[in-house]
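So this block is coords-v4.cif, mmCIF, C-alpha atoms:
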```cif
data_coords
loop_
_atom_site.label_atom_id
_atom_site.label_comp_id
_atom_site.auth_asym_id
_atom_site.auth_seq_id
_atom_site.Cartn_x
_atom_site.Cartn_y
_atom_site.Cartn_z
CA MET A 1 4.80 -14.96 -3.96
CA ALA A 2 2.20 -16.86 -1.91
CA ASP A 3 -0.13 -14.82 0.28
CA ALA A 4 -0.05 -15.62 4.01
CA PRO A 5 -3.45 -16.59 5.45
CA GLY A 6 -5.28 -13.55 6.79
CA GLN A 7 -2.60 -11.17 5.55
CA GLY A 8 -4.48 -10.07 2.43
CA ALA A 9 -3.08 -9.44 -1.02
CA VAL A 10 -2.38 -6.72 -3.55
CA HIS A 11 -3.06 -7.86 -7.11
CA LEU A 12 -1.70 -6.39 -10.33
CA ALA A 13 -3.36 -6.92 -13.71
CA LEU A 14 -2.29 -5.43 -17.04
CA GLU A 15 -4.54 -5.07 -20.08
CA ASN A 16 -3.97 -2.98 -23.20
CA GLY A 17 -1.63 -0.55 -21.48
CA ILE A 18 -3.91 -0.08 -18.44
CA ALA A 19 -2.80 -1.43 -15.06
CA SER A 20 -5.22 -2.36 -12.30
CA VAL A 21 -4.01 -2.58 -8.67
CA THR A 22 -6.48 -4.22 -6.28
CA PHE A 23 -6.34 -4.29 -2.47
CA ASP A 24 -7.83 -7.63 -1.49
CA ARG A 25 -8.73 -8.13 2.15
CA PRO A 26 -12.49 -7.53 2.22
CA GLU A 27 -13.03 -9.30 5.56
CA ALA A 28 -11.06 -6.42 7.17
CA ARG A 29 -12.29 -3.60 4.88
CA ASN A 30 -9.04 -4.00 2.94
CA ALA A 31 -6.99 -2.74 5.92
CA LEU A 32 -3.34 -3.04 4.95
CA THR A 33 -0.94 -5.48 6.59
CA TRP A 34 2.85 -5.23 6.39
CA PRO A 35 2.97 -7.85 3.58
CA MET A 36 0.37 -5.83 1.64
CA TYR A 37 2.45 -2.67 1.98
CA GLU A 38 5.51 -4.57 0.79
CA ARG A 39 3.63 -5.96 -2.20
CA LEU A 40 2.28 -2.49 -3.01
CA ARG A 41 5.84 -1.15 -3.13
CA GLU A 42 6.89 -4.00 -5.44
CA VAL A 43 3.92 -3.31 -7.73
CA CYS A 44 4.69 0.41 -7.90
CA GLU A 45 8.34 -0.25 -8.70
CA GLN A 46 7.30 -2.64 -11.49
CA LEU A 47 4.86 -0.09 -12.93
CA ARG A 48 7.36 2.74 -12.67
CA ASP A 49 9.76 0.86 -14.93
CA ASP A 50 7.20 -0.36 -17.48
CA ALA A 51 6.96 2.14 -20.33
CA SER A 52 4.04 0.22 -21.88
CA VAL A 53 1.72 1.20 -19.01
CA ARG A 54 -0.20 4.37 -19.85
CA ALA A 55 -2.54 4.64 -16.85
CA VAL A 56 -3.12 2.90 -13.50
CA ARG A 57 -6.25 2.46 -11.43
CA PHE A 58 -6.28 1.54 -7.74
CA GLN A 59 -9.33 -0.15 -6.18
CA GLY A 60 -10.45 -2.22 -3.22
CA THR A 61 -12.19 -5.57 -3.24
CA GLY A 62 -15.91 -5.32 -2.48
CA ALA A 63 -18.19 -2.34 -2.07
CA GLU A 64 -17.56 -1.71 1.65
CA ALA A 65 -14.14 -0.06 1.46
CA PHE A 66 -11.34 1.21 -0.74
CA VAL A 67 -8.80 0.84 2.09
CA ALA A 68 -9.73 1.33 5.74
CA GLY A 69 -6.21 2.24 6.88
CA THR A 70 -3.50 0.06 8.37
CA ASP A 71 -4.34 -3.09 10.34
CA ILE A 72 -4.39 -1.80 13.93
CA ALA A 73 -3.26 -5.10 15.48
CA GLN A 74 0.19 -4.42 14.03
CA PHE A 75 0.64 -1.40 16.31
CA GLN A 76 0.76 -3.41 19.53
CA ASP A 77 4.02 -2.90 21.47
CA PHE A 78 5.02 0.04 19.25
CA THR A 79 7.63 2.47 20.57
CA GLY A 80 8.27 6.04 19.52
CA GLU A 81 11.09 4.87 17.25
CA ASP A 82 8.79 2.23 15.73
CA GLY A 83 6.42 5.07 14.90
CA VAL A 84 9.16 7.01 13.13
CA GLN A 85 10.08 3.95 11.06
CA TYR A 86 6.41 3.30 10.27
CA GLU A 87 5.82 6.85 9.04
CA ARG A 88 8.98 6.65 6.93
CA ARG A 89 7.62 3.43 5.40
CA ILE A 90 4.28 5.07 4.67
CA ASP A 91 5.96 8.12 3.14
CA ALA A 92 8.12 5.91 0.91
CA THR A 93 5.12 3.90 -0.28
CA ILE A 94 2.94 6.95 -0.90
CA GLY A 95 5.89 8.60 -2.62
CA LEU A 96 6.13 5.68 -5.05
CA ILE A 97 2.46 6.04 -5.95
CA ALA A 98 2.68 9.81 -6.35
CA SER A 99 5.81 9.59 -8.49
CA LEU A 100 4.50 7.02 -10.96
CA PRO A 101 5.18 8.57 -14.38
CA MET A 102 1.76 7.70 -15.78
CA PRO A 103 -1.62 9.10 -14.63
CA THR A 104 -3.32 7.30 -11.76
CA VAL A 105 -6.97 6.90 -10.74
CA ALA A 106 -8.40 5.80 -7.38
CA ALA A 107 -11.80 4.12 -7.68
CA VAL A 108 -13.31 4.55 -4.21
CA GLN A 109 -16.21 2.59 -2.80
CA GLY A 110 -17.13 2.93 0.88
CA TRP A 111 -14.47 3.73 3.48
CA CYS A 112 -11.32 5.56 2.43
CA ILE A 113 -9.60 6.05 5.77
CA GLY A 114 -6.10 6.73 7.12
CA GLY A 115 -3.58 5.02 4.87
CA GLY A 116 -6.34 4.52 2.33
CA LEU A 117 -6.89 8.28 2.19
CA ALA A 118 -3.14 8.79 1.71
CA ILE A 119 -3.15 6.33 -1.20
CA ALA A 120 -6.18 7.93 -2.84
CA SER A 121 -4.72 11.41 -2.34
CA ALA A 122 -1.46 10.34 -4.00
CA CYS A 123 -3.40 9.44 -7.14
CA ASP A 124 -4.01 12.06 -9.80
CA PHE A 125 -7.78 11.54 -9.94
CA ARG A 126 -10.47 10.01 -7.75
CA ILE A 127 -13.92 8.77 -8.66
CA ALA A 128 -16.28 7.49 -5.99
CA THR A 129 -19.67 5.93 -5.30
CA PRO A 130 -22.34 7.77 -3.24
CA GLN A 131 -21.44 5.84 -0.07
CA ALA A 132 -17.76 6.86 -0.08
CA LYS A 133 -16.41 8.43 3.13
CA PHE A 134 -13.01 10.07 3.52
CA GLY A 135 -11.19 10.66 6.79
CA VAL A 136 -8.29 10.30 9.24
CA PRO A 137 -10.15 9.84 12.55
CA ILE A 138 -7.00 9.21 14.60
CA ALA A 139 -7.93 11.85 17.21
CA ARG A 140 -10.95 9.68 18.01
CA THR A 141 -9.43 6.21 17.59
CA LEU A 142 -5.69 5.59 17.95
CA GLY A 143 -4.16 8.85 19.11
CA ASN A 144 -1.28 8.64 16.63
CA CYS A 145 -0.19 11.23 14.04
CA LEU A 146 0.82 11.72 10.41
CA SER A 147 4.13 12.73 8.88
CA ALA A 148 4.66 16.21 7.48
CA GLY A 149 4.67 14.76 3.97
CA ASN A 150 1.34 13.02 4.52
CA VAL A 151 -0.24 16.17 5.96
CA ALA A 152 1.15 18.26 3.10
CA GLY A 153 -0.42 15.85 0.60
CA LEU A 154 -3.80 16.13 2.30
CA VAL A 155 -3.60 19.93 2.42
CA ALA A 156 -2.77 20.00 -1.29
CA ALA A 157 -5.77 17.77 -2.00
CA PHE A 158 -8.38 19.20 0.41
CA GLY A 159 -7.13 22.60 1.61
CA ARG A 160 -6.04 23.45 5.16
CA PRO A 161 -9.49 24.11 6.71
CA ARG A 162 -10.79 20.66 5.75
CA VAL A 163 -7.58 18.97 6.89
CA GLN A 164 -7.96 20.70 10.25
CA ARG A 165 -11.42 19.16 10.48
CA LEU A 166 -10.05 15.75 9.48
CA LEU A 167 -7.20 15.79 12.00
CA LEU A 168 -8.43 17.91 14.93
CA LEU A 169 -12.17 17.14 14.88
CA ALA A 170 -11.85 13.61 13.44
CA ASP A 171 -14.56 14.54 10.93
CA LEU A 172 -15.42 12.36 7.96
CA ILE A 173 -16.00 14.04 4.61
CA ASP A 174 -18.81 12.61 2.50
CA VAL A 175 -18.66 12.19 -1.24
CA ASP A 176 -20.76 15.26 -2.03
CA GLU A 177 -18.39 17.58 -0.15
CA ALA A 178 -15.35 15.79 -1.62
CA HIS A 179 -16.79 16.32 -5.09
CA ALA A 180 -17.71 19.96 -4.44
CA CYS A 181 -14.16 20.83 -3.36
CA GLY A 182 -12.63 19.06 -6.37
CA TYR A 183 -11.10 16.12 -4.49
CA VAL A 184 -13.44 13.67 -6.25
CA LEU A 185 -13.63 14.10 -10.02
CA GLU A 186 -16.90 12.23 -10.49
CA ILE A 187 -19.58 10.55 -8.36
CA VAL A 188 -20.44 7.23 -9.99
CA PRO A 189 -23.63 5.20 -9.41
CA ASN A 190 -23.24 1.94 -7.50
CA GLY A 191 -22.22 -0.87 -9.81
CA ASN A 192 -20.74 1.47 -12.42
CA ILE A 193 -17.41 2.37 -10.86
CA ASP A 194 -15.33 -0.24 -12.68
CA ALA A 195 -16.65 0.89 -16.06
CA ALA A 196 -16.15 4.55 -15.11
CA ALA A 197 -12.56 3.90 -14.01
CA ARG A 198 -11.82 2.06 -17.25
CA LYS A 199 -13.29 4.92 -19.26
CA LEU A 200 -11.24 7.55 -17.42
CA CYS A 201 -8.05 5.50 -17.77
CA GLY A 202 -8.81 5.14 -21.48
CA ARG A 203 -9.07 8.92 -21.84
CA LEU A 204 -5.75 9.38 -20.05
CA ALA A 205 -3.96 6.65 -22.02
CA VAL A 206 -4.30 8.38 -25.42
CA LEU A 207 -2.80 11.73 -24.35
CA ALA A 208 0.82 12.86 -24.63
CA PRO A 209 2.82 10.80 -22.10
CA VAL A 210 5.83 13.13 -21.87
CA THR A 211 3.56 16.07 -21.11
CA GLN A 212 1.79 14.02 -18.44
CA GLN A 213 5.08 12.87 -16.91
CA VAL A 214 6.61 16.35 -16.77
CA SER A 215 3.40 17.89 -15.44
CA LYS A 216 3.20 15.28 -12.67
CA GLU A 217 6.84 15.79 -11.70
CA THR A 218 6.42 19.57 -11.60
CA LEU A 219 3.43 19.22 -9.26
CA GLN A 220 5.39 16.81 -7.05
CA ARG A 221 8.34 19.20 -6.77
CA LEU A 222 6.01 22.01 -5.74
CA LEU A 223 4.51 19.78 -3.04
CA LYS A 224 7.87 18.64 -1.67
CA HIS A 225 9.40 22.13 -1.46
CA SER A 226 10.66 22.88 2.07
CA LEU A 227 8.87 20.13 4.02
CA PRO A 228 9.74 20.45 7.73
CA ASP A 229 11.33 17.68 9.79
CA THR A 230 8.68 16.44 12.23
CA GLU A 231 10.19 13.14 13.37
CA ASP A 232 10.47 14.47 16.93
CA LEU A 233 6.68 14.95 16.95
CA ILE A 234 6.11 11.48 15.49
CA ARG A 235 8.41 9.91 18.10
CA ARG A 236 6.58 11.74 20.88
CA THR A 237 3.15 10.62 19.65
CA TYR A 238 3.89 6.95 19.01
CA GLY A 239 5.78 6.74 22.28
CA SER A 240 2.90 8.18 24.31
CA GLU A 241 0.63 6.43 26.80
CA ASP A 242 -2.33 7.75 24.83
CA PHE A 243 -1.26 5.90 21.69
CA ARG A 244 -0.86 2.63 23.59
CA GLU A 245 -4.29 3.20 25.12
CA GLY A 246 -5.78 3.98 21.71
CA VAL A 247 -4.52 0.74 20.18
CA GLN A 248 -5.72 -1.41 23.09
CA ALA A 249 -9.10 0.33 23.19
CA PHE A 250 -9.58 -0.12 19.44
CA LEU A 251 -8.77 -3.83 19.62
CA ALA A 252 -11.04 -4.25 22.66
CA LYS A 253 -13.82 -2.29 20.90
CA ARG A 254 -14.20 0.18 23.77
CA PRO A 255 -13.83 3.97 23.96
CA PRO A 256 -10.26 5.11 24.74
CA ALA A 257 -9.54 6.93 27.99
CA TRP A 258 -7.15 9.71 26.98
CA LYS A 259 -4.73 10.98 29.64
CA GLY A 260 -2.75 13.53 27.64
CA ARG A 261 0.57 11.82 28.16
#
```

Go ahead and express the file in the form of C-alpha cells.
Amino acid sequence: MADAPGQGAVHLALENGIASVTFDRPEARNALTWPMYERLREVCEQLRDDASVRAVRFQGTGAEAFVAGTDIAQFQDFTGEDGVQYERRIDATIGLIASLPMPTVAAVQGWCIGGGLAIASACDFRIATPQAKFGVPIARTLGNCLSAGNVAGLVAAFGRPRVQRLLLLADLIDVDEAHACGYVLEIVPNGNIDAAARKLCGRLAVLAPVTQQVSKETLQRLLKHSLPDTEDLIRRTYGSEDFREGVQAFLAKRPPAWKGR
C-alpha cells in the first residue's frame, strides 16, 4: 500500500520473533491520520494471527514524540454522531493493541499525548526517555472527550486521582512521576531507548507464551467488566459549540473562547 503524501505511515518490521511497529510522521510529531489508524489496525490484525511473533514494540519516528494524538485538522465539520463513530474507531484500534496475545512494549520519546497515550497505555510495558511527557490536555485544547473504555484504561494504568488531573486540569505527567507510579517501567538515557526496548522484548520472548496469553486475557476481562454506555456524553461533547471552537482555535494557533455550550 502506497502512503499518501503528508498522511504519514505505520511501518511493521519482523526480526527473530520480535515485531517493531513504527509511527512515521515526524513533521507532525507523529500525529495520527485516518490512513495511519487504518494501517495500525491492519498491522495489529496481522500480528494477532502470527504465532511466530513473541513480542512487539511500538515506537515513534524521531526523538520529539511517540504519538502526539490525532491530527486535529481531521476534526473540522465534525458532528456529535461523527464523534461517536470516531470514539468507536479509537476503542476498536486500542482494543486490538490491548488484545494482542504476545507481550507489548511502548518505547516513548518526547510527547505521548491523547491517542498516543491510549496506545502506550494499551501496551503491557512502557519505557521512556527523560524528556517524555504524558497527557490528555483536551480541556485546554479541543474541548472533546474520551470514551468510557479509554478512561477505564487510563484509570487502570495511572489510578483515578492522576486521571482526574489529566482530564479535568489538563495536567501533563513527567517521566519521573510516571515511573514512580509504575506506569513507566524504566527511564532510559537518550539514545539508548532502541537497545533497551530490544532487550526488554528479548526477555519477554523467552518466557512461556501460553502463560503470557492467558494472563493478558484475564487482565483484559477484569478491565472490561461492566463498562458503562457513555455514547450520549460523547455525542453531546462532539456536537457542542465548544468543540467546534476548540478545533478552529487549535488550527488558528489562538486560545479558545469557551462558552459552555

- List the residues selected by the PyMOL selection byres ((chain A and resi 57) around 9) in the file shown, writing them as number ranges by chain. A: 18-22, 55-56, 58-59, 103-107, 123, 197-198, 201

- Show which residues sit within 12 Å of Leu166 (chain A), as a ChimeraX atom specification. Count only C-alpha atoms, and ignore same-chain residues fewer than 2 positions away. /A:113-114,117,133-140,145-146,151,154-155,158-164,168-174

- Quick one: residues within 6 Å of region 241-245 of chain A, all atoms listed in the file counted, chain neighbours fewer than 2 positions away excluded, as a ChimeraX atom specification? /A:142-144,238,247-249,258,261

Using all atoms listed in the file, I'd like a table of the residues in region 84-171 of chain A that come within 10 Å of region 40-47 of chain A; for each, show the closest atom pair and its distance in Å rounded to one decimal, ordered by chain and ascending number, as a Markdown table.
```
| residue | atom | partner | partner_atom | distance |
| --- | --- | --- | --- | --- |
| A:Arg89 | CA | A:Arg41 | CA | 9.8 |
| A:Ala92 | CA | A:Arg41 | CA | 8.4 |
| A:Thr93 | CA | A:Arg41 | CA | 5.8 |
| A:Ile94 | CA | A:Arg41 | CA | 8.9 |
| A:Gly95 | CA | A:Arg41 | CA | 9.8 |
| A:Leu96 | CA | A:Cys44 | CA | 6.2 |
| A:Ile97 | CA | A:Cys44 | CA | 6.4 |
| A:Ala98 | CA | A:Cys44 | CA | 9.7 |
| A:Ser99 | CA | A:Cys44 | CA | 9.3 |
| A:Leu100 | CA | A:Cys44 | CA | 7.3 |
| A:Pro101 | CA | A:Leu47 | CA | 8.8 |
| A:Met102 | CA | A:Leu47 | CA | 8.9 |
```

- Query: For Gln7 (chain A), which of A:Gly80, A:Gly202, A:Pro228, A:Pro35 is the closest residue, counting only C-alpha atoms?
  - Reply: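 Closest residue, counting only C-alpha atoms: A:Pro35.
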
- Message: Excluding Trp111 (chain A) and its own-chain neighbours fewer than 3 positions away, which residues fall within 6 Å of it when counting all atoms listed in the file? Please give them as an MDAnalysis selection string.
- Response: chainID A and resid 65:66 68 132:133

Just so the selection is clear, what residues does the PyMOL selection byres ((chain A and resi 17) around 6) cover here, as a compact mmCIF listing (two decimals) with C-alpha atoms, keeping the file's coordinate frame?
```
# COMPACT_ATOMS: atom_id res chain seq x y z
CA GLU A 15 -4.54 -5.07 -20.08
CA ASN A 16 -3.97 -2.98 -23.20
CA ILE A 18 -3.91 -0.08 -18.44
CA SER A 52 4.04 0.22 -21.88
CA VAL A 53 1.72 1.20 -19.01
CA ARG A 54 -0.20 4.37 -19.85
```

- Item | Residue IDs satisfying the PyMOL selection byres ((chain A and resi 191) around 12), as a list in words |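 Evaluating the PyMOL selection byres ((chain A and resi 191) around 12) on these coordinates yields Gly62, Ala63, Ala107, Val108, Gln109, Ala128, Thr129, Pro130, Gln131, Ile187, Val188, Pro189, Asn190, Asn192, Ile193, Asp194, Ala195, Ala196 and Ala197 of chain A.
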
How big is the axis-aligned box around the listed atoms of region 182-191 of chain A once 3 Å is added on each side, and where is its centre? Give both in Å to one decimal, as lines of an AutoDock Vina configuration file.
```
center_x = -17.4
center_y = 9.1
center_z = -7.5
size_x = 18.5
size_y = 25.9
size_z = 12.0
```

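Note that CA of Pro256 (chain A) and CA of Gly6 (chain A) are 26.4 Å apart.
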
- Work out how far CA of Gly246 (chain A) is from CA of Leu32 (chain A), in Å to one decimal. 18.3 Å
